[in-house]
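Asker: Contents are compact mmCIF, C-alpha atoms; file name upload-v8.txt:
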# COMPACT_ATOMS: atom_id res chain seq x y z
CA MET B 1 2.13 48.69 -15.05
CA THR B 2 -1.59 49.49 -14.87
CA ASP B 3 -3.77 46.43 -14.80
CA ALA B 4 -7.45 46.90 -15.57
CA HIS B 5 -8.15 43.49 -14.09
CA GLU B 6 -6.91 44.01 -10.57
CA PRO B 7 -8.20 41.15 -8.44
CA ASP B 8 -9.60 41.41 -4.93
CA PRO B 9 -6.45 42.24 -2.90
CA THR B 10 -7.63 40.24 0.11
CA TRP B 11 -8.10 37.12 -1.96
CA GLU B 12 -4.80 37.74 -3.70
CA THR B 13 -3.08 37.90 -0.30
CA VAL B 14 -4.61 34.56 0.69
CA VAL B 15 -3.43 32.99 -2.57
CA ARG B 16 0.05 34.48 -2.27
CA ALA B 17 0.41 33.17 1.29
CA ALA B 18 -0.82 29.73 0.29
CA LEU B 19 1.50 29.45 -2.71
CA ASP B 20 4.56 31.07 -1.13
CA ASP B 21 7.39 28.76 -2.14
CA PRO B 22 10.96 30.07 -2.19
CA ILE B 23 13.75 27.74 -3.26
CA PRO B 24 14.88 25.59 -0.32
CA SER B 25 18.45 26.26 0.78
CA ASP B 26 19.48 22.61 0.34
CA VAL B 27 18.34 22.64 -3.29
CA LEU B 28 20.37 25.78 -3.89
CA GLN B 29 23.39 24.26 -2.16
CA ARG B 30 23.21 21.06 -4.23
CA SER B 31 23.12 23.14 -7.40
CA LEU B 32 26.28 24.95 -6.34
CA GLU B 33 28.01 21.62 -5.60
CA LEU B 34 27.42 20.34 -9.14
CA TRP B 35 30.62 22.10 -10.15
CA GLU B 36 32.76 19.71 -8.10
CA LEU B 37 30.67 16.67 -8.99
CA THR B 38 31.22 17.14 -12.70
CA SER B 39 35.00 17.21 -12.35
CA LEU B 40 35.32 13.45 -11.65
CA ASP B 41 38.46 12.02 -13.15
CA ALA B 42 36.95 9.70 -15.72
CA GLU B 43 36.44 9.47 -19.42
CA LEU B 44 32.99 10.80 -20.27
CA ALA B 45 30.76 8.44 -22.17
CA GLU B 46 28.49 9.74 -24.87
CA LEU B 47 24.76 9.16 -24.64
CA LEU B 48 23.98 7.58 -27.99
CA ALA B 49 20.31 6.78 -27.67
CA GLU B 50 17.46 6.97 -25.26
CA GLU B 51 14.35 4.97 -25.94
CA SER B 52 11.13 4.47 -24.07
CA SER B 53 8.50 1.84 -24.43
CA ASP B 54 5.31 1.07 -22.58
CA ALA B 55 4.65 -2.39 -21.24
CA GLU B 56 1.76 -3.65 -19.22
CA MET B 57 2.99 -4.85 -15.86
CA ALA B 58 1.39 -8.22 -15.20
CA GLY B 59 -0.68 -8.45 -12.05
CA VAL B 60 -0.94 -4.76 -11.33
CA ARG B 61 -4.36 -3.31 -11.89
CA SER B 62 -4.48 -0.56 -14.51
CA ALA B 63 -0.81 0.25 -14.15
CA THR B 64 1.36 1.05 -17.11
CA LEU B 65 5.09 0.52 -16.72
CA GLN B 66 7.44 2.63 -18.74
CA VAL B 67 10.78 1.07 -19.60
CA THR B 68 13.51 3.49 -20.54
CA ALA B 69 16.66 2.30 -22.26
CA PHE B 70 19.91 4.22 -22.49
CA THR B 71 23.01 3.44 -24.54
CA PHE B 72 26.33 5.07 -23.70
CA VAL B 73 29.59 4.71 -25.60
CA ALA B 74 33.10 5.68 -24.51
CA GLY B 75 35.97 4.49 -26.65
CA ASP B 76 35.68 0.72 -26.93
CA VAL B 77 33.11 0.35 -24.13
CA THR B 78 29.37 0.36 -24.69
CA ILE B 79 27.02 0.47 -21.70
CA GLU B 80 23.40 -0.48 -22.27
CA VAL B 81 20.95 0.01 -19.41
CA GLU B 82 17.23 -0.39 -18.94
CA TRP B 83 15.24 1.32 -16.21
CA ASP B 84 11.83 -0.15 -15.29
CA GLY B 85 11.04 2.27 -12.50
CA ALA B 86 12.69 0.20 -9.76
CA THR B 87 15.78 -1.56 -11.11
CA LEU B 88 18.51 -0.45 -13.45
CA ALA B 89 19.63 -3.50 -15.40
CA GLY B 90 22.61 -3.19 -17.70
CA GLN B 91 25.32 -4.87 -19.69
CA LEU B 92 28.81 -3.90 -20.77
CA PHE B 93 30.07 -4.61 -24.28
CA PRO B 94 32.55 -6.16 -24.64
CA SER B 95 31.95 -8.04 -21.41
CA THR B 96 34.55 -7.08 -18.86
CA ALA B 97 35.13 -7.33 -15.14
CA ALA B 98 34.19 -4.02 -13.63
CA GLU B 99 32.69 -2.34 -10.63
CA ILE B 100 29.60 -0.37 -11.53
CA GLU B 101 28.74 2.66 -9.40
CA LEU B 102 25.58 4.71 -9.57
CA HIS B 103 26.03 8.22 -8.21
CA ALA B 104 23.33 10.77 -7.33
CA VAL B 105 23.91 14.49 -7.50
CA ASP B 106 23.55 14.70 -3.72
CA GLY B 107 26.44 12.27 -3.19
CA ALA B 108 24.43 9.08 -2.58
CA SER B 109 25.69 6.01 -4.41
CA VAL B 110 25.07 2.30 -4.88
CA SER B 111 27.38 -0.18 -6.55
CA ALA B 112 27.41 -3.64 -8.09
CA THR B 113 29.87 -5.94 -9.85
CA ALA B 114 29.37 -6.86 -13.47
CA ASN B 115 29.38 -10.65 -13.89
CA SER B 116 31.39 -12.66 -16.41
CA VAL B 117 29.10 -11.69 -19.28
CA GLY B 118 29.11 -8.06 -18.26
CA THR B 119 25.59 -7.83 -16.86
CA PHE B 120 24.73 -5.99 -13.68
CA GLU B 121 21.74 -4.77 -11.69
CA LEU B 122 21.45 -1.75 -9.45
CA THR B 123 18.57 -0.61 -7.31
CA PRO B 124 18.75 3.10 -6.68
CA PRO B 125 17.17 4.13 -3.36
CA ARG B 126 15.04 6.74 -5.11
CA THR B 127 14.41 8.40 -8.42
CA GLY B 128 16.35 11.47 -9.40
CA THR B 129 19.40 12.50 -11.37
CA TRP B 130 22.17 9.92 -11.54
CA CYS B 131 25.31 8.98 -13.44
CA LEU B 132 27.03 5.63 -13.88
CA VAL B 133 30.73 5.11 -13.31
CA VAL B 134 32.31 1.96 -14.71
CA VAL B 135 35.54 1.24 -12.88
CA ARG B 136 37.79 -1.05 -14.94
CA ARG B 137 41.19 -2.11 -13.79
CA PRO B 138 43.68 -1.51 -15.27
CA ASP B 139 41.80 0.28 -18.05
CA GLY B 140 40.56 3.23 -16.01
CA SER B 141 37.07 4.58 -15.39
CA VAL B 142 34.26 5.66 -17.62
CA ARG B 143 31.54 8.02 -16.48
CA THR B 144 28.21 8.60 -18.21
CA PRO B 145 26.52 11.99 -18.41
CA TRP B 146 23.87 12.66 -15.79
CA PHE B 147 20.48 11.19 -16.59
CA THR B 148 17.12 11.14 -14.86
CA LEU B 149 15.51 7.99 -13.47
CA MET T 1 31.17 46.97 -7.44
CA GLU T 2 29.04 46.62 -10.56
CA SER T 3 27.74 43.08 -10.87
CA ALA T 4 28.63 41.06 -13.93
CA SER T 5 26.03 40.57 -16.64
CA ASP T 6 24.64 37.10 -17.33
CA ALA T 7 26.62 36.97 -20.57
CA GLU T 8 29.84 37.78 -18.70
CA LEU T 9 29.12 35.06 -16.16
CA VAL T 10 28.54 32.50 -18.92
CA GLU T 11 31.83 33.45 -20.55
CA ARG T 12 33.65 33.11 -17.23
CA ILE T 13 32.06 29.72 -16.57
CA ARG T 14 33.31 28.57 -19.97
CA GLY T 15 36.75 29.56 -18.79
CA GLY T 16 36.43 27.43 -15.64
CA ASP T 17 35.48 30.14 -13.12
CA GLN T 18 33.57 28.48 -10.27
CA GLN T 19 32.72 31.84 -8.67
CA ALA T 20 30.83 32.80 -11.83
CA TRP T 21 28.93 29.51 -11.58
CA ASN T 22 27.97 30.31 -8.00
CA GLN T 23 26.84 33.81 -8.95
CA LEU T 24 24.68 32.55 -11.80
CA ILE T 25 22.97 30.05 -9.50
CA ASP T 26 22.48 32.64 -6.75
CA ARG T 27 20.94 34.98 -9.30
CA HIS T 28 18.64 32.57 -11.12
CA GLY T 29 18.25 29.49 -8.89
CA GLY T 30 14.94 30.76 -7.56
CA ARG T 31 13.56 31.21 -11.07
CA VAL T 32 14.41 27.66 -12.07
CA TRP T 33 12.80 26.36 -8.87
CA THR T 34 9.65 28.42 -9.38
CA VAL T 35 9.22 27.19 -12.95
CA ALA T 36 9.77 23.56 -11.91
CA ARG T 37 7.20 23.87 -9.12
CA SER T 38 4.73 25.64 -11.40
CA GLN T 39 4.05 22.25 -13.03
CA GLY T 40 2.76 20.96 -9.69
CA LEU T 41 5.78 18.74 -8.96
CA ASP T 42 6.44 17.82 -5.35
CA ARG T 43 9.62 19.13 -3.75
CA GLU T 44 11.72 16.05 -4.44
CA ARG T 45 10.87 15.93 -8.13
CA ALA T 46 11.23 19.69 -8.49
CA SER T 47 14.64 19.42 -6.87
CA ASP T 48 15.64 16.78 -9.42
CA VAL T 49 14.47 19.05 -12.23
CA VAL T 50 16.55 21.91 -10.86
CA GLN T 51 19.68 19.74 -10.69
CA THR T 52 19.09 18.40 -14.20
CA VAL T 53 18.73 21.89 -15.66
CA TRP T 54 21.95 23.14 -14.04
CA LEU T 55 23.81 19.98 -15.04
CA ASN T 56 22.66 20.34 -18.62
CA LEU T 57 23.86 23.92 -18.59
CA LEU T 58 27.23 22.92 -17.17
CA HIS T 59 27.69 20.17 -19.76
CA GLY T 60 26.44 22.29 -22.63
CA ILE T 61 27.81 25.69 -21.63
CA ASP T 62 29.98 25.85 -24.77
CA ARG T 63 26.90 25.35 -26.95
CA ILE T 64 24.92 28.28 -25.54
CA ARG T 65 24.60 30.57 -28.54
CA GLN T 66 23.11 33.60 -26.80
CA PRO T 67 24.71 33.97 -23.37
CA ASP T 68 22.74 37.16 -22.76
CA ALA T 69 19.52 35.14 -23.07
CA ILE T 70 20.51 32.57 -20.45
CA VAL T 71 17.43 33.33 -18.33
CA ALA T 72 15.14 32.29 -21.19
CA TRP T 73 17.26 29.16 -21.70
CA LEU T 74 17.03 28.27 -18.00
CA THR T 75 13.31 28.82 -17.62
CA THR T 76 12.42 27.06 -20.87
CA SER T 77 14.65 24.12 -19.98
CA ALA T 78 13.13 23.91 -16.50
CA ARG T 79 9.59 23.95 -17.89
CA ARG T 80 10.32 21.21 -20.46
CA GLU T 81 12.08 19.01 -17.93
CA ALA T 82 9.32 19.51 -15.35
CA ILE T 83 6.65 18.58 -17.90
CA ARG T 84 8.66 15.47 -18.83
CA VAL T 85 9.13 14.41 -15.19
CA ASP T 86 5.47 15.10 -14.40
CA ARG T 87 4.32 12.93 -17.31
CA MET T 88 6.63 10.09 -16.30
CA SER T 89 5.58 10.18 -12.66
CA LYS T 90 1.89 10.22 -13.59
CA ARG T 91 2.36 7.20 -15.82
CA ALA T 92 4.10 5.33 -13.02
CA LEU T 93 1.23 5.80 -10.55
CA LEU T 94 -2.20 4.28 -10.44
CA VAL T 95 -4.72 6.99 -11.10
CA ASP T 96 -6.39 6.53 -7.73
CA ASP T 97 -3.07 6.69 -5.90
CA ALA T 98 -1.91 9.81 -7.69
CA ARG T 99 -4.54 11.91 -5.99
CA PHE T 100 -3.22 11.02 -2.55
CA ASP T 101 0.50 10.63 -3.17
CA ARG T 102 1.31 14.06 -4.50
CA GLU T 103 2.40 16.52 -1.88
CA PRO T 104 0.54 19.82 -2.23
CA ALA T 105 2.65 22.64 -3.65
CA GLY T 106 3.68 25.43 -1.38
CA ASN T 107 4.73 26.06 2.17
CA ALA T 108 2.24 24.97 4.79
CA ALA T 109 3.86 27.03 7.54
CA LEU T 110 1.75 30.11 8.13
CA ASP T 111 1.87 32.35 11.16
CA ASP T 112 -1.75 33.36 11.55
CA GLY T 113 -3.23 30.26 13.06
CA GLU T 114 -4.99 27.07 12.26
CA VAL T 115 -7.73 28.65 10.14
CA ALA T 116 -5.23 30.30 7.86
CA ARG T 117 -3.27 27.07 7.71
CA GLN T 118 -6.38 25.14 6.69
CA ASP T 119 -7.24 27.80 4.12
CA GLY T 120 -3.72 27.48 2.73
CA VAL T 121 -4.15 23.74 2.29
CA ILE T 122 -7.53 24.28 0.62
CA VAL T 123 -6.11 26.88 -1.76
CA ARG T 124 -3.19 24.67 -2.74
CA GLN T 125 -5.52 21.73 -3.33
CA ALA T 126 -7.81 23.98 -5.37
CA VAL T 127 -4.86 25.10 -7.51
CA GLU T 128 -4.03 21.46 -8.14
CA GLN T 129 -7.67 20.79 -9.02
CA LEU T 130 -7.65 23.82 -11.30
CA GLY T 131 -4.72 22.32 -13.21
CA GLY T 132 -3.45 23.27 -16.63
CA ARG T 133 -2.49 26.74 -17.67
CA CYS T 134 -4.36 28.47 -14.85
CA ALA T 135 -2.53 26.54 -12.14
CA GLU T 136 0.79 27.14 -13.85
CA LEU T 137 0.14 30.86 -14.24
CA LEU T 138 -0.96 31.31 -10.61
CA ARG T 139 2.08 29.43 -9.28
CA LEU T 140 4.41 31.49 -11.48
CA LEU T 141 2.78 34.72 -10.30
CA TYR T 142 2.36 34.01 -6.59
CA SER T 143 4.91 31.46 -5.39
CA THR T 144 7.75 34.00 -5.48
CA ASP T 145 8.50 37.35 -7.06
CA GLU T 146 11.20 35.79 -9.21
CA LEU T 147 9.61 36.10 -12.64
CA SER T 148 8.50 39.29 -14.35
CA TYR T 149 5.35 39.56 -16.47
CA GLN T 150 7.57 39.61 -19.53
CA GLU T 151 9.34 36.40 -18.53
CA ILE T 152 6.05 34.68 -17.74
CA GLY T 153 4.59 35.83 -21.05
CA GLU T 154 7.56 34.44 -22.97
CA LEU T 155 7.53 31.19 -21.03
CA LEU T 156 3.80 30.57 -21.55
CA GLU T 157 3.81 32.11 -25.04
CA MET T 158 1.16 34.52 -23.84
CA PRO T 159 0.96 38.24 -24.75
CA ILE T 160 1.81 40.36 -21.71
CA GLY T 161 -1.48 42.19 -22.13
CA SER T 162 -3.47 39.03 -21.62
CA ILE T 163 -1.75 37.97 -18.40
CA GLY T 164 -3.81 40.35 -16.23
CA PRO T 165 -7.24 39.29 -17.55
CA THR T 166 -6.23 35.61 -17.48
CA ARG T 167 -4.98 35.98 -13.93
CA ALA T 168 -8.30 37.55 -12.90
CA ARG T 169 -10.29 34.73 -14.49
CA CYS T 170 -8.07 32.08 -12.92
CA LEU T 171 -8.34 33.70 -9.48
CA ASP T 172 -12.14 33.73 -9.81
CA ARG T 173 -12.21 30.06 -10.75
CA LEU T 174 -9.82 29.28 -7.91
CA ARG T 175 -12.01 31.08 -5.42
CA THR T 176 -15.08 29.18 -6.57
CA LEU T 177 -13.25 25.87 -6.18
CA ALA T 178 -11.74 26.79 -2.81
CA THR T 179 -15.08 28.03 -1.46
CA ALA T 180 -16.73 24.79 -2.49
CA GLU T 181 -14.04 22.95 -0.53
CA GLY T 182 -14.72 24.95 2.64
CA LEU T 183 -12.58 28.06 2.43
CA THR T 184 -13.34 30.18 5.47
CA ARG T 185 -12.18 33.60 4.25
Would you mind writing the file out in structure tokens?
Answerer:
Amino acid sequence: MTDAHEPDPTWETVVRAALDDPIPSDVLQRSLELWELTSLDAELAELLAEESSDAEMAGVRSATLQVTAFTFVAGDVTIEVEWDGATLAGQLFPSTAAEIELHAVDGASVSATANSVGTFELTPPRTGTWCLVVVRRPDGSVRTPWFTL
Amino acid sequence: MESASDAELVERIRGGDQQAWNQLIDRHGGRVWTVARSQGLDRERASDVVQTVWLNLLHGIDRIRQPDAIVAWLTTSARREAIRVDRMSKRALLVDDARFDREPAGNAALDDGEVARQDGVIVRQAVEQLGGRCAELLRLLYSTDELSYQEIGELLEMPIGSIGPTRARCLDRLRTLATAEGLTR
């Protein structure tokens, strides 16, 4: 295509070299591995609602904290979680003994045990794309869709 | 062997064909990455955007109404997700910190010496300073050869005929900024 606004080719070469940014091989590999990750043997919960609200974080100069709340439902289990940027706090309804696992797309995971009223807290090591797995015995597992923290 | 069309790959993925999934990612993974990075996200956040886009496709593959337009779906989804992630990360940082915490876009490894390396850093910082539509357009045009003018035009809702003049203006502004910051070439 003819372009009447051809830029200085030397400058264009400098810009192209500076911005050169092909997809890293590990990012490509993780994308390919999503196929296996999504075939976990668990009932998939439905994301019912996602809400965000702003709250001033006391004691931190000029910072605004965004709290994001998710609600997932699978069968008779409802999982409500709130993410404040550092901790994922949640509760199961009805309250039930369960192991709660938080899985990242790259295979990292953290886990916690829901207490007698069904509340739990998880601290993911970093932000990113995660899913929750609620392991109930003998009622089986429930997995949420992937969501971004 | 003639390669399968995008629409054929989508149909095969719906039928549970992992090889089709791999082919689609091999074919378009670079595009999704380029669009995510065009918003100025660092590598970690851009990587998260890429994974989110592919996951959303995998979960919603049965709801794709135009399998032959999957490229437009991927690039639009990547742009929206990258904008969302960028907004959230900016809100989570103090303004003063944001300037220093964000890794410059691009690959710092250049072969032609320290001067070129320093110029590369200056140019990337100038692109970040440029911001907005200009920065996005320049990253889409120069970070890889993944996207055509037509794709960029559709993504930015910009007539193809205006991409050239806009590019020229943005390059001029970039050069002014980079020169002010000490560009040597």
Asker: Identify all chain B residues at most 6 Å from chain T by counting all atoms listed in the file; ligands do not count. Present them as a VMD selection string.
Answerer: chain B and resid 5 7 16 18 to 21 23 31 to 32 63 128
Asker: May I have the residues within 8 Å of B:Thr127 as JSON, numbers by chain, using only C-alpha atoms and disregarding those fewer than 2 positions away in the same chain?
Answerer: {"B": [124, 125, 129, 148, 149]}
Asker: Which polymer residues, whether protein, DNA or RNA, lie within 7 Å of the coordinate (12.9, 26.6, -16.5) when you count all atoms listed in the file? List them as a compact mmCIF listing (two decimals) with C-alpha atoms, keeping the file's coordinate frame, using the chain letters and numbers from the file.
Answerer:
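Written output follows (out-v7.txt):
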# COMPACT_ATOMS: atom_id res chain seq x y z
CA VAL T 32 14.41 27.66 -12.07
CA VAL T 35 9.22 27.19 -12.95
CA ALA T 36 9.77 23.56 -11.91
CA LEU T 74 17.03 28.27 -18.00
CA THR T 75 13.31 28.82 -17.62
CA THR T 76 12.42 27.06 -20.87
CA SER T 77 14.65 24.12 -19.98
CA ALA T 78 13.13 23.91 -16.50
CA ARG T 79 9.59 23.95 -17.89
Asker: Excluding T:Ala4 and any residue of its chain fewer than 4 positions from it, enumerate the residues within 10 Å of it, using all atoms listed in the file, and give them as a PDB file with C-alpha atoms, keeping the file's coordinate frame.
Answerer:
ATOM      1  CA  GLU T   8      29.840  37.780 -18.700  1.00  0.00           C
ATOM      2  CA  LEU T   9      29.120  35.060 -16.160  1.00  0.00           C
ATOM      3  CA  VAL T  10      28.540  32.500 -18.920  1.00  0.00           C
ATOM      4  CA  ARG T  12      33.650  33.110 -17.230  1.00  0.00           C
ATOM      5  CA  ALA T  20      30.830  32.800 -11.830  1.00  0.00           C
ATOM      6  CA  GLN T  23      26.840  33.810  -8.950  1.00  0.00           C
ATOM      7  CA  LEU T  24      24.680  32.550 -11.800  1.00  0.00           C
TER       8      LEU T  24
END
Asker: Quote the spacing between atom CA of T:Cys134 and atom CA of T:Gly182 in Å to one decimal place.
Answerer: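 Atom CA of T:Cys134 sits 20.6 Å away from atom CA of T:Gly182.
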Asker: Would you kindly return, as a ChimeraX atom specification, each protein, DNA or RNA residue with an atom no farther than 9 Å from any atom of stretch 77-83 of chain B, considering only C-alpha atoms and excluding same-chain residues fewer than 6 positions away?
Answerer: /B:45,66-71,89-95,134,142,144,149
Asker: Adding 5 Å on each side of the box along x, y and z that holds all listed atoms of stretch 9-14 of chain B, could you give its centre and edge lengths in Å to one decimal, as AutoDock Vina command-line options?
Answerer:
--center_x -5.6 --center_y 38.4 --center_z -1.5 --size_x 15.0 --size_y 17.7 --size_z 14.4
Asker: Which residue gives the smallest distance to B:Cys131 among B:Leu37, B:Val117, B:Ala104, B:Val110, with only C-alpha atoms counted?
Answerer: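 The answer is B:Ala104, which sits nearest to B:Cys131.
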Asker: What separation in Å, quoted to one decimal, exists between atom CA of B:Pro24 and atom CA of T:Gln39?
Answerer: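 If I compute the distance from atom CA of B:Pro24 to atom CA of T:Gln39, I get 17.0 Å.
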Asker: Rounded to one decimal in Å, what is the spacing between atom CA of B:Gly118 and atom CA of B:Leu88?
Answerer: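 Going from atom CA of B:Gly118 over to atom CA of B:Leu88 covers 13.9 Å.
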Asker: Around the point (32.1, 9.5, -15.3), in the coordinates given by the file, pick out the residues reaching within 10 Å, counting all atoms listed in the file, and return them as a list of chain:residue names.
Answerer: B:Leu37, B:Thr38, B:Ser39, B:Leu40, B:Asp41, B:Ala42, B:Glu43, B:Leu44, B:Ala45, B:Glu101, B:Leu102, B:His103, B:Cys131, B:Leu132, B:Val133, B:Val134, B:Val135, B:Ser141, B:Val142, B:Arg143, B:Thr144, B:Pro145, B:Trp146
Asker: Just to be explicit: take each residue in the selection above, keep C-alpha atoms, and write the result as a PDB file, in the coordinates of the input.
Answerer:
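Done, and the output landed in selection29.pdb:
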ATOM      1  CA  LEU B  37      30.670  16.670  -8.990  1.00  0.00           C
ATOM      2  CA  THR B  38      31.220  17.140 -12.700  1.00  0.00           C
ATOM      3  CA  SER B  39      35.000  17.210 -12.350  1.00  0.00           C
ATOM      4  CA  LEU B  40      35.320  13.450 -11.650  1.00  0.00           C
ATOM      5  CA  ASP B  41      38.460  12.020 -13.150  1.00  0.00           C
ATOM      6  CA  ALA B  42      36.950   9.700 -15.720  1.00  0.00           C
ATOM      7  CA  GLU B  43      36.440   9.470 -19.420  1.00  0.00           C
ATOM      8  CA  LEU B  44      32.990  10.800 -20.270  1.00  0.00           C
ATOM      9  CA  ALA B  45      30.760   8.440 -22.170  1.00  0.00           C
ATOM     10  CA  GLU B 101      28.740   2.660  -9.400  1.00  0.00           C
ATOM     11  CA  LEU B 102      25.580   4.710  -9.570  1.00  0.00           C
ATOM     12  CA  HIS B 103      26.030   8.220  -8.210  1.00  0.00           C
ATOM     13  CA  CYS B 131      25.310   8.980 -13.440  1.00  0.00           C
ATOM     14  CA  LEU B 132      27.030   5.630 -13.880  1.00  0.00           C
ATOM     15  CA  VAL B 133      30.730   5.110 -13.310  1.00  0.00           C
ATOM     16  CA  VAL B 134      32.310   1.960 -14.710  1.00  0.00           C
ATOM     17  CA  VAL B 135      35.540   1.240 -12.880  1.00  0.00           C
ATOM     18  CA  SER B 141      37.070   4.580 -15.390  1.00  0.00           C
ATOM     19  CA  VAL B 142      34.260   5.660 -17.620  1.00  0.00           C
ATOM     20  CA  ARG B 143      31.540   8.020 -16.480  1.00  0.00           C
ATOM     21  CA  THR B 144      28.210   8.600 -18.210  1.00  0.00           C
ATOM     22  CA  PRO B 145      26.520  11.990 -18.410  1.00  0.00           C
ATOM     23  CA  TRP B 146      23.870  12.660 -15.790  1.00  0.00           C
TER      24      TRP B 146
END
Asker: Counting only C-alpha atoms, which residue out of B:Val14, B:Trp35, B:Ile100, B:Glu50 sits closest to B:Ala112?
Answerer: B:Ile100
Asker: Extract, using all atoms listed in the file, all DNA, RNA and protein residues at most 8 Å from T:Asp68, discarding same-chain residues fewer than 6 positions from it, and format them as a PDB file with C-alpha atoms, in the coordinates of the input.
Answerer:
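Okay, this is what ended up in around.pdb:
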ATOM      1  CA  SER T   5      26.030  40.570 -16.640  1.00  0.00           C
ATOM      2  CA  ASP T   6      24.640  37.100 -17.330  1.00  0.00           C
ATOM      3  CA  ALA T   7      26.620  36.970 -20.570  1.00  0.00           C
TER       4      ALA T   7
END
